[in-house]
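See below for protein_9.pdb, which holds PDB, C-alpha atoms.
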```pdb
ATOM      1  CA  MET A  29     190.741  92.440  92.572
ATOM      2  CA  CYS A  30     194.253  91.105  92.182
ATOM      3  CA  MET A  31     195.433  93.684  94.711
ATOM      4  CA  VAL A  32     193.114  92.145  97.308
ATOM      5  CA  ILE A  33     194.867  88.789  97.029
ATOM      6  CA  PHE A  34     198.520  89.605  96.443
ATOM      7  CA  ALA A  35     199.106  93.153  97.739
ATOM      8  CA  PRO A  36     199.017  92.316 101.486
ATOM      9  CA  ILE A  37     201.320  89.334 100.997
ATOM     10  CA  PHE A  38     203.948  91.188  98.995
ATOM     11  CA  ALA A  39     203.749  94.212 101.300
ATOM     12  CA  ILE A  40     204.486  92.027 104.324
ATOM     13  CA  CYS A  41     207.399  90.373 102.538
ATOM     14  CA  ALA A  42     208.839  93.760 101.602
ATOM     15  CA  PHE A  43     208.846  95.525 104.970
ATOM     16  CA  ALA A  44     209.455  92.388 107.056
ATOM     17  CA  THR A  45     212.629  91.390 105.207
ATOM     18  CA  CYS A  46     213.955  94.924 105.524
ATOM     19  CA  GLY A  47     212.817  95.878 109.014
ATOM     20  CA  GLY A  48     213.865  92.643 110.653
ATOM     21  CA  TYR A  49     217.392  92.486 109.272
ATOM     22  CA  SER A  50     220.523  92.304 111.412
ATOM     23  CA  GLY A  51     223.993  91.797 110.007
ATOM     24  CA  HIS A  52     227.175  90.517 111.634
ATOM     25  CA  LEU A  53     230.761  91.086 110.585
ATOM     26  CA  GLN A  54     233.778  89.577 112.316
ATOM     27  CA  VAL A  55     237.443  90.360 111.707
ATOM     28  CA  LYS A  56     240.600  89.010 113.359
ATOM     29  CA  VAL A  57     243.697  91.011 114.189
ATOM     30  CA  ASP A  58     247.038  89.281 114.776
ATOM     31  CA  CYS A  59     249.760  91.655 115.962
ATOM     32  CA  ALA A  60     253.367  91.052 115.027
ATOM     33  CA  ASP A  61     254.693  91.445 118.595
ATOM     34  CA  ARG A  62     252.184  88.869 119.835
ATOM     35  CA  ARG A  63     250.760  91.235 122.409
ATOM     36  CA  HIS A  64     247.321  90.976 120.897
ATOM     37  CA  SER A  65     247.308  87.750 118.925
ATOM     38  CA  ASN A  66     244.144  86.350 117.363
ATOM     39  CA  ARG A  67     242.032  89.215 118.615
ATOM     40  CA  SER A  68     238.500  88.924 117.190
ATOM     41  CA  ILE A  69     236.378  92.024 116.559
ATOM     42  CA  ASN A  70     232.593  91.651 116.228
ATOM     43  CA  ILE A  71     230.597  94.319 114.389
ATOM     44  CA  ASP A  72     226.795  94.133 114.515
ATOM     45  CA  PHE A  73     224.462  96.391 112.581
ATOM     46  CA  GLY A  74     220.845  96.310 111.411
ATOM     47  CA  TYR A  75     217.688  98.267 110.741
ATOM     48  CA  PRO A  76     217.404 101.293 110.539
ATOM     49  CA  PHE A  77     221.069 101.227 109.381
ATOM     50  CA  ARG A  78     222.459 104.203 111.245
ATOM     51  CA  LEU A  79     225.988 102.979 110.652
ATOM     52  CA  HIS A  80     227.582 106.132 111.979
ATOM     53  CA  GLN A  81     226.340 105.041 115.406
ATOM     54  CA  VAL A  82     227.753 101.510 115.122
ATOM     55  CA  HIS A  83     231.078 101.357 116.962
ATOM     56  CA  PHE A  84     233.582  98.653 117.811
ATOM     57  CA  LYS A  85     236.849  98.463 119.741
ATOM     58  CA  ALA A  86     240.028  97.542 117.855
ATOM     59  CA  PRO A  87     243.420  96.820 119.461
ATOM     60  CA  LEU A  88     246.526  98.879 118.928
ATOM     61  CA  CYS A  89     249.489  96.580 118.504
ATOM     62  CA  ASP A  90     252.161  99.047 119.633
ATOM     63  CA  VAL A  91     250.432  99.865 122.933
ATOM     64  CA  LYS A  92     248.222  97.972 125.322
ATOM     65  CA  ARG A  93     245.185 100.185 124.912
ATOM     66  CA  GLY A  94     242.695  99.992 122.069
ATOM     67  CA  GLU A  95     240.734 102.421 119.857
ATOM     68  CA  ILE A  96     237.026 102.908 119.305
ATOM     69  CA  LEU A  97     235.979 103.133 115.674
ATOM     70  CA  PHE A  98     232.671 103.939 113.925
ATOM     71  CA  LEU A  99     231.303 102.857 110.590
ATOM     72  CA  ASP A 100     230.437 105.437 107.944
ATOM     73  CA  GLY A 101     227.011 106.505 106.719
ATOM     74  CA  ASP A 102     223.412 107.026 107.834
ATOM     75  CA  PHE A 103     220.921 105.160 105.656
ATOM     76  CA  SER A 104     217.947 105.281 107.985
ATOM     77  CA  PRO A 105     215.810 107.714 105.901
ATOM     78  CA  ALA A 106     215.628 105.407 102.894
ATOM     79  CA  ALA A 107     215.116 102.276 104.997
ATOM     80  CA  GLN A 108     212.422 103.816 107.196
ATOM     81  CA  PHE A 109     210.653 105.321 104.202
ATOM     82  CA  PHE A 110     210.574 101.922 102.494
ATOM     83  CA  VAL A 111     209.236 100.169 105.591
ATOM     84  CA  THR A 112     206.634 102.891 106.218
ATOM     85  CA  VAL A 113     205.262 102.623 102.698
ATOM     86  CA  GLY A 114     205.087  98.854 103.071
ATOM     87  CA  VAL A 115     203.204  99.039 106.376
ATOM     88  CA  PHE A 116     200.638 101.556 105.137
ATOM     89  CA  ALA A 117     200.180  99.644 101.885
ATOM     90  CA  PHE A 118     199.522  96.498 103.899
ATOM     91  CA  LEU A 119     196.939  98.247 106.074
ATOM     92  CA  TYR A 120     195.173  99.794 103.102
ATOM     93  CA  SER A 121     195.098  96.435 101.340
ATOM     94  CA  LEU A 122     193.391  94.846 104.341
ATOM     95  CA  LEU A 123     190.885  97.705 104.481
ATOM     96  CA  ALA A 124     190.176  97.357 100.757
ATOM     97  CA  THR A 125     189.665  93.622 101.188
ATOM     98  CA  ILE A 126     187.060  94.182 103.895
ATOM     99  CA  VAL A 127     185.235  96.779 101.798
ATOM    100  CA  TYR A 128     185.236  94.614  98.658
ATOM    101  CA  VAL A 129     183.867  91.588 100.490
ATOM    102  CA  PHE A 130     181.375  93.013 103.001
ATOM    103  CA  TYR A 131     180.502  96.512 101.734
ATOM    104  CA  GLN A 132     180.343  96.102  97.970
ATOM    105  CA  ASN A 133     177.066  98.028  97.595
ATOM    106  CA  LYS A 134     178.280 100.988  99.623
ATOM    107  CA  TYR A 135     181.568 100.896  97.731
ATOM    108  CA  LEU A 136     179.802 101.363  94.383
ATOM    109  CA  LYS A 137     177.201 103.847  95.690
ATOM    110  CA  HIS A 138     177.459 107.329  94.148
ATOM    111  CA  ASN A 139     180.774 106.290  92.540
ATOM    112  CA  ARG A 140     182.703 107.653  95.541
ATOM    113  CA  GLY A 141     184.350 104.396  96.544
ATOM    114  CA  PRO A 142     185.940 103.643  93.157
ATOM    115  CA  LEU A 143     187.190 107.230  92.802
ATOM    116  CA  VAL A 144     188.843 107.198  96.230
ATOM    117  CA  ASP A 145     190.284 103.762  95.538
ATOM    118  CA  PHE A 146     191.667 104.952  92.209
ATOM    119  CA  VAL A 147     193.384 108.013  93.704
ATOM    120  CA  VAL A 148     194.874 106.029  96.600
ATOM    121  CA  THR A 149     196.112 103.324  94.226
ATOM    122  CA  VAL A 150     197.899 105.902  92.077
ATOM    123  CA  ILE A 151     199.513 107.452  95.170
ATOM    124  CA  PHE A 152     200.726 104.110  96.508
ATOM    125  CA  SER A 153     202.073 103.152  93.082
ATOM    126  CA  PHE A 154     204.173 106.308  93.029
ATOM    127  CA  MET A 155     205.281 105.850  96.649
ATOM    128  CA  TRP A 156     206.331 102.265  96.016
ATOM    129  CA  LEU A 157     208.379 103.332  93.014
ATOM    130  CA  VAL A 158     210.188 106.124  94.877
ATOM    131  CA  SER A 159     210.787 104.116  98.051
ATOM    132  CA  SER A 160     212.028 101.056  96.158
ATOM    133  CA  CYS A 161     214.510 103.105  94.136
ATOM    134  CA  CYS A 162     215.757 104.897  97.255
ATOM    135  CA  TRP A 163     216.102 101.643  99.170
ATOM    136  CA  ALA A 164     217.965  99.941  96.323
ATOM    137  CA  LYS A 165     220.477 102.812  96.245
ATOM    138  CA  ALA A 166     220.819 102.785 100.043
ATOM    139  CA  LEU A 167     221.356  99.031 100.049
ATOM    140  CA  SER A 168     224.222  99.416  97.625
ATOM    141  CA  ASP A 169     225.807 102.054  99.881
ATOM    142  CA  ILE A 170     225.327  99.847 102.963
ATOM    143  CA  LYS A 171     227.183  97.026 101.266
ATOM    144  CA  THR A 172     230.017  99.400 100.442
ATOM    145  CA  ALA A 173     230.212 100.799 103.990
ATOM    146  CA  THR A 174     230.279  97.332 105.559
ATOM    147  CA  ASN A 175     232.629  95.824 103.020
ATOM    148  CA  PRO A 176     235.315  93.869 104.953
ATOM    149  CA  THR A 177     238.090  95.556 103.011
ATOM    150  CA  GLN A 178     236.673  98.979 103.886
ATOM    151  CA  VAL A 179     236.315  98.014 107.568
ATOM    152  CA  LEU A 180     239.897  96.754 107.779
ATOM    153  CA  LEU A 181     241.141 100.069 106.474
ATOM    154  CA  LEU A 182     239.523 101.773 109.452
ATOM    155  CA  ILE A 183     241.640  99.759 111.912
ATOM    156  CA  SER A 184     245.066 101.290 112.523
ATOM    157  CA  ALA A 185     246.727  97.954 113.238
ATOM    158  CA  CYS A 186     245.582  96.566 109.893
ATOM    159  CA  ARG A 187     247.190  99.413 107.976
ATOM    160  CA  SER A 188     250.599  98.164 109.087
ATOM    161  CA  GLN A 189     252.135  95.414 106.950
ATOM    162  CA  GLU A 190     253.673  93.627 109.967
ATOM    163  CA  ASN A 191     250.281  92.819 111.432
ATOM    164  CA  LYS A 192     247.908  90.319 109.951
ATOM    165  CA  CYS A 193     244.200  90.985 109.637
ATOM    166  CA  ALA A 194     241.586  88.682 108.200
ATOM    167  CA  VAL A 195     237.816  88.465 107.869
ATOM    168  CA  THR A 196     236.338  85.448 109.606
ATOM    169  CA  GLU A 197     232.627  86.149 109.033
ATOM    170  CA  GLU A 198     230.819  88.334 106.498
ATOM    171  CA  PRO A 199     227.228  89.611 106.612
ATOM    172  CA  LEU A 200     224.572  87.853 104.554
ATOM    173  CA  TRP A 201     222.783  90.083 102.051
ATOM    174  CA  SER A 202     220.202  87.666 100.668
ATOM    175  CA  ARG A 203     217.465  88.969 102.950
ATOM    176  CA  LEU A 204     218.003  92.619 102.040
ATOM    177  CA  ASN A 205     218.278  91.756  98.364
ATOM    178  CA  THR A 206     214.934  89.993  98.661
ATOM    179  CA  SER A 207     213.378  93.075 100.236
ATOM    180  CA  ALA A 208     214.489  95.224  97.302
ATOM    181  CA  VAL A 209     213.048  92.701  94.849
ATOM    182  CA  PHE A 210     209.735  92.641  96.714
ATOM    183  CA  GLY A 211     209.684  96.431  96.571
ATOM    184  CA  PHE A 212     209.754  96.469  92.779
ATOM    185  CA  VAL A 213     207.253  93.599  92.648
ATOM    186  CA  ASN A 214     204.879  95.826  94.614
ATOM    187  CA  VAL A 215     205.475  98.599  92.098
ATOM    188  CA  VAL A 216     204.389  96.329  89.237
ATOM    189  CA  LEU A 217     201.427  95.037  91.231
ATOM    190  CA  TRP A 218     200.058  98.447  92.180
ATOM    191  CA  VAL A 219     200.659 100.018  88.783
ATOM    192  CA  GLY A 220     198.871  97.134  87.101
ATOM    193  CA  ASN A 221     195.990  97.463  89.530
ATOM    194  CA  ILE A 222     195.385 101.072  88.425
ATOM    195  CA  TRP A 223     193.615  99.843  85.278
ATOM    196  CA  PHE A 224     191.301  97.494  87.146
ATOM    197  CA  VAL A 225     190.327 100.205  89.632
ATOM    198  CA  PHE A 226     189.825 102.730  86.818
ATOM    199  CA  LYS A 227     187.293 100.417  85.163
ATOM    200  CA  GLU A 228     185.120 100.693  88.290
ATOM    201  CA  THR A 229     185.035 104.492  88.202
ATOM    202  CA  GLY A 230     182.414 106.649  86.518
ATOM    203  CA  TRP A 231     185.013 108.092  84.156
ATOM    204  CA  TYR A 232     185.445 104.780  82.363
ATOM    205  CA  LYS A 233     181.699 104.037  82.317
ATOM    206  CA  THR A 234     180.903 107.504  80.939
ATOM    207  CA  GLY A 235     183.423 107.034  78.171
ATOM    208  CA  GLN A 236     181.855 103.695  77.273
ATOM    209  CA  ARG A 237     178.304 105.082  77.318
ATOM    210  CA  TYR A 238     178.913 108.204  75.221
ATOM    211  CA  PRO A 239     181.249 108.019  72.223
ATOM    212  CA  THR A 240     183.842 110.705  71.829
ATOM    213  CA  ARG A 241     183.432 113.562  69.368
ATOM    214  CA  SER A 242     186.200 112.284  67.212
ATOM    215  CA  ALA A 243     184.496 108.925  66.746
ATOM    216  CA  SER A 244     181.066 110.435  66.078
ATOM    217  CA  GLY A 245     182.570 112.974  63.703
ATOM    218  CA  LYS A 246     184.337 110.202  61.866
ATOM    219  CA  ARG A 247     181.100 108.250  61.473
ATOM    220  CA  SER A 248     179.177 111.337  60.292
ATOM    221  CA  SER A 249     181.844 112.116  57.705
ATOM    222  CA  GLU A 250     181.647 108.525  56.460
ATOM    223  CA  MET A 251     177.851 108.796  56.191
ATOM    224  CA  ARG A 252     178.162 112.067  54.244
ATOM    225  CA  GLN A 253     180.615 110.456  51.865
ATOM    226  CA  GLN A 254     178.272 107.487  51.374
ATOM    227  CA  ASN A 255     175.282 109.798  50.711
ATOM    228  CA  SER A 256     177.265 111.870  48.227
ATOM    229  CA  PHE A 257     178.373 108.680  46.459
ATOM    230  CA  ASN A 258     174.761 107.419  46.225
ATOM    231  CA  GLN A 259     173.593 110.822  44.961
ATOM    232  CA  SER A 260     176.272 110.953  42.287
ATOM    233  CA  LYS A 261     175.405 107.373  41.333
ATOM    234  CA  GLY A 262     171.708 108.334  40.972
ATOM    235  CA  ASP A 263     172.540 111.413  38.888
ATOM    236  CA  PHE A 264     174.690 109.297  36.620
ATOM    237  CA  GLY A 265     171.842 106.761  36.162
ATOM    238  CA  ALA A 266     169.345 109.499  35.339
ATOM    239  CA  GLN A 267     171.747 110.994  32.795
ATOM    240  CA  VAL A 268     172.214 107.608  31.132
ATOM    241  CA  GLN A 269     168.429 107.125  30.994
ATOM    242  CA  ARG A 270     167.922 110.548  29.380
ATOM    243  CA  GLN A 271     170.632 109.794  26.837
ATOM    244  CA  ALA A 272     168.963 106.488  25.980
ATOM    245  CA  SER A 273     165.594 108.166  25.488
ATOM    246  CA  ILE A 274     167.150 110.714  23.127
ATOM    247  CA  ASN A 275     168.887 108.100  21.004
ATOM    248  CA  GLN A 276     165.773 105.873  20.732
ATOM    249  CA  PRO A 277     164.064 106.215  17.269
ATOM    250  CA  GLN A 278     160.704 107.891  17.296
ATOM    251  CA  VAL A 279     157.769 105.588  16.368
ATOM    252  CA  SER A 280     154.385 107.165  15.780
ATOM    253  CA  PHE A 281     151.170 105.298  16.006
ATOM    254  CA  SER A 282     147.514 106.308  15.984
ATOM    255  CA  LEU A 283     144.356 104.713  17.147
ATOM    256  CA  PRO A 284     141.799 103.658  14.604
ATOM    257  CA  GLN A 285     139.219 106.308  13.802
ATOM    258  CA  THR A 286     135.838 105.714  15.239
ATOM    259  CA  TYR A 287     132.444 107.131  14.442
ATOM    260  CA  LEU A 288     129.674 107.202  16.903
ATOM    261  CA  GLY A 289     126.253 106.753  15.369
ATOM    262  CA  LYS A 290     122.829 106.450  16.939
ATOM    263  CA  PRO A 291     122.124 103.315  18.980
ATOM    264  CA  VAL A 292     119.725 100.721  17.609
ATOM    265  CA  ILE A 293     117.149  99.151  19.943
ATOM    266  CA  TYR A 294     115.503  95.803  19.156
ATOM    267  CA  ASP A 295     112.386  94.355  20.723
ATOM    268  CA  ARG A 296     111.693  90.713  21.435
ATOM    269  CA  GLU A 297     110.682  89.979  17.836
ATOM    270  CA  ASP A 298     113.990  91.347  16.526
ATOM    271  CA  LYS A 299     112.324  94.435  15.124
ATOM    272  CA  VAL A 300     114.072  97.713  15.188
ATOM    273  CA  VAL A 301     112.413 100.014  17.589
ATOM    274  CA  SER A 302     114.834 102.980  17.576
ATOM    275  CA  LYS A 303     118.318 103.779  16.468
ATOM    276  CA  GLY A 304     120.990 105.345  18.594
ATOM    277  CA  PRO A 305     124.649 106.331  17.977
ATOM    278  CA  MET A 306     126.518 103.701  16.054
ATOM    279  CA  ILE A 307     130.274 103.010  16.010
ATOM    280  CA  PHE A 308     132.129 102.603  12.747
ATOM    281  CA  VAL A 309     135.765 101.541  12.740
ATOM    282  CA  ASN A 310     137.980 102.485   9.848
ATOM    283  CA  GLU A 311     140.780 100.001   9.474
ATOM    284  CA  MET A 312     144.162 101.371   8.598
TER     285      MET A 312
END
```

Hey, can you dump this file as structure tokens for me?
Amino acid sequence: MCMVIFAPIFAICAFATCGGYSGHLQVKVDCADRRHSNRSINIDFGYPFRLHQVHFKAPLCDVKRGEILFLDGDFSPAAQFFVTVGVFAFLYSLLATIVYVFYQNKYLKHNRGPLVDFVVTVIFSFMWLVSSCCWAKALSDIKTATNPTQVLLLISACRSQENKCAVTEEPLWSRLNTSAVFGFVNVVLWVGNIWFVFKETGWYKTGQRYPTRSASGKRSSEMRQQNSFNQSKGDFGAQVQRQASINQPQVSFSLPQTYLGKPVIYDREDKVVSKGPMIFVNEM
């Protein structure tokens, strides 16, 4: 759910700081013959950074006419790719927010919502990584192409030592640097969100419900080892008991001998009526 809160915000910061940038560079040319003294040249550039289309007019000190110069490089593919990924990530984040809040039951029904969300999250994580790396490299090249020293070398009058050229205003790069940082922040955010989305899928729940074969096999092997240990322990106890019975001295005993005679029956006057079997005990 962290993507629902932070992903739209960081996506806006990423593509807004890049897509809304405009830079300004100003140089001053002072010719030695004073024909064109303190001549200021303004160079404006911005998104999508097609610098090869940015032109400016520079004076020629030896003649009255000037020259039209162009900057070097076309960095629009990387910049537009970065902004496009940011816009689509922002839109998907808003859509995911609406689904999470108002359509939670339909989202979890038949496990289709979490699976689609997981696949899309993986794709956007990869796209953010590629676009951020491309934009960081393009930003470095843009800084090189608009470097004041590099721009002064393009002007013919500045290549002469008699003329004086100076930079009066340089472009600010803090906004573009921030956009590159926000790009990599989005990479971390979306990659970290993969785990949370994966926990909502049926793949994770199935793995939690049914243990893997390796784990069950490990438990069965442990049970077999425990049973074999108990069996060996029982066999050892039985062997010790048999050994004790063998070593025990034999003691013989016999019951006293008895003799059954005829029973004797008495009447009320203590007279013998009949005799039955009688028991005689021989003491040993």

Per residue of segment 78-133 of chain A within 8 Å of segment 46-63 of chain A, which atom pair is closest and at what distance in Å (one decimal), using all atoms listed in the file, listed by chain and increasing number, as CSV?
```
residue,atom,partner,partner_atom,distance
A:Pro87,CA,A:Val57,CA,7.8
A:Cys89,CA,A:Cys59,CA,5.5
A:Lys92,CA,A:Arg63,CA,7.8
A:Ala107,CA,A:Cys46,CA,7.5
A:Val111,CA,A:Gly47,CA,6.6
```

Quiz item: If you measure from atom CA of Thr112 of chain A to atom CA of Phe154 of chain A, what distance in Å do you get, rounded to one decimal?
Solution: 13.8 Å

Quiz item: If you count only C-alpha atoms, which residues fall within 9 Å of Ser153 of chain A, apart from same-chain ones fewer than 6 positions away, as a list in words?
Solution: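 Counting only the stated atoms, we get Asn214, Val215, Val216, Leu217, Trp218, Val219 and Ile222 of chain A.
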
Self-check item: Nearest to Phe98 of chain A by atom-to-atom distance, counting all atoms listed in the file, from A:Gln178, A:Gln189, A:Ser168, A:Asn221
Solution: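 Distance minimum relative to Phe98 of chain A lands on A:Gln178.
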
Quiz item: So how far away is atom CA of Thr174 of chain A from atom CA of Met155 of chain A, in Å?
Solution: 27.9 Å

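Taking atom CA of Thr206 of chain A as the reference point, atom CA of Cys41 of chain A is found at 8.5 Å.
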
Self-check item: Counting only C-alpha atoms, the option among A:Val195, A:Leu204, A:Ala35, A:Ala44 closest to Ile69 of chain A
Solution: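 Of all the options, A:Val195 lies closest to Ile69 of chain A.
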
Self-check item: Within 12 Å of file point (217.8, 91.4, 96.4), counting all atoms listed in the file, expressed as a VMD selection string
Solution: chain A and resid 42 45 to 46 160 163 to 165 167 to 168 171 200 to 213

Exercise. Return the single residue from A:Val150, A:Leu88, A:His83, A:Phe226 that is closest to Cys186 of chain A, with distances computed using all atoms listed in the file.
Key: A:Leu88

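With all atoms listed in the file as the atoms that count, the minimum distance from Ile151 of chain A to the choices A:Val113, A:Ile33, A:Leu181, A:Asp169 is reached by A:Val113.
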
Missing atoms of segment 194-209 of chain A rebuilt to N, CA and C atoms, written as a PDB file, in the coordinates of the input:
```
ATOM      1  N   ALA A 194     242.393  89.539 109.076  1.00  0.00           N
ATOM      2  CA  ALA A 194     241.586  88.682 108.200  1.00  0.00           C
ATOM      3  C   ALA A 194     240.121  88.771 108.609  1.00  0.00           C
ATOM      4  N   VAL A 195     239.264  88.468 107.640  1.00  0.00           N
ATOM      5  CA  VAL A 195     237.816  88.465 107.869  1.00  0.00           C
ATOM      6  C   VAL A 195     237.384  87.032 108.120  1.00  0.00           C
ATOM      7  N   THR A 196     236.791  86.805 109.247  1.00  0.00           N
ATOM      8  CA  THR A 196     236.338  85.448 109.606  1.00  0.00           C
ATOM      9  C   THR A 196     234.851  85.225 109.341  1.00  0.00           C
ATOM     10  N   GLU A 197     234.072  86.289 109.279  1.00  0.00           N
ATOM     11  CA  GLU A 197     232.627  86.149 109.033  1.00  0.00           C
ATOM     12  C   GLU A 197     232.109  87.404 108.345  1.00  0.00           C
ATOM     13  N   GLU A 198     231.380  87.222 107.255  1.00  0.00           N
ATOM     14  CA  GLU A 198     230.819  88.334 106.498  1.00  0.00           C
ATOM     15  C   GLU A 198     229.294  88.351 106.655  1.00  0.00           C
ATOM     16  N   PRO A 199     228.697  89.538 106.512  1.00  0.00           N
ATOM     17  CA  PRO A 199     227.228  89.611 106.612  1.00  0.00           C
ATOM     18  C   PRO A 199     226.555  88.974 105.402  1.00  0.00           C
ATOM     19  N   LEU A 200     225.374  88.447 105.621  1.00  0.00           N
ATOM     20  CA  LEU A 200     224.572  87.853 104.554  1.00  0.00           C
ATOM     21  C   LEU A 200     223.603  88.903 104.002  1.00  0.00           C
ATOM     22  N   TRP A 201     223.590  89.036 102.693  1.00  0.00           N
ATOM     23  CA  TRP A 201     222.783  90.083 102.051  1.00  0.00           C
ATOM     24  C   TRP A 201     221.549  89.533 101.349  1.00  0.00           C
ATOM     25  N   SER A 202     221.321  88.245 101.414  1.00  0.00           N
ATOM     26  CA  SER A 202     220.202  87.666 100.668  1.00  0.00           C
ATOM     27  C   SER A 202     218.858  88.227 101.138  1.00  0.00           C
ATOM     28  N   ARG A 203     218.741  88.472 102.414  1.00  0.00           N
ATOM     29  CA  ARG A 203     217.465  88.969 102.950  1.00  0.00           C
ATOM     30  C   ARG A 203     217.184  90.398 102.484  1.00  0.00           C
ATOM     31  N   LEU A 204     218.205  91.247 102.507  1.00  0.00           N
ATOM     32  CA  LEU A 204     218.003  92.619 102.040  1.00  0.00           C
ATOM     33  C   LEU A 204     217.811  92.662 100.527  1.00  0.00           C
ATOM     34  N   ASN A 205     218.501  91.815  99.808  1.00  0.00           N
ATOM     35  CA  ASN A 205     218.278  91.756  98.364  1.00  0.00           C
ATOM     36  C   ASN A 205     216.841  91.339  98.053  1.00  0.00           C
ATOM     37  N   THR A 206     216.327  90.424  98.855  1.00  0.00           N
ATOM     38  CA  THR A 206     214.934  89.993  98.661  1.00  0.00           C
ATOM     39  C   THR A 206     213.964  91.133  98.929  1.00  0.00           C
ATOM     40  N   SER A 207     214.265  91.943  99.933  1.00  0.00           N
ATOM     41  CA  SER A 207     213.378  93.075 100.236  1.00  0.00           C
ATOM     42  C   SER A 207     213.336  94.068  99.080  1.00  0.00           C
ATOM     43  N   ALA A 208     214.472  94.313  98.452  1.00  0.00           N
ATOM     44  CA  ALA A 208     214.489  95.224  97.302  1.00  0.00           C
ATOM     45  C   ALA A 208     213.692  94.646  96.134  1.00  0.00           C
ATOM     46  N   VAL A 209     213.817  93.341  95.928  1.00  0.00           N
ATOM     47  CA  VAL A 209     213.048  92.701  94.849  1.00  0.00           C
ATOM     48  C   VAL A 209     211.555  92.791  95.129  1.00  0.00           C
TER      49      VAL A 209
END
```
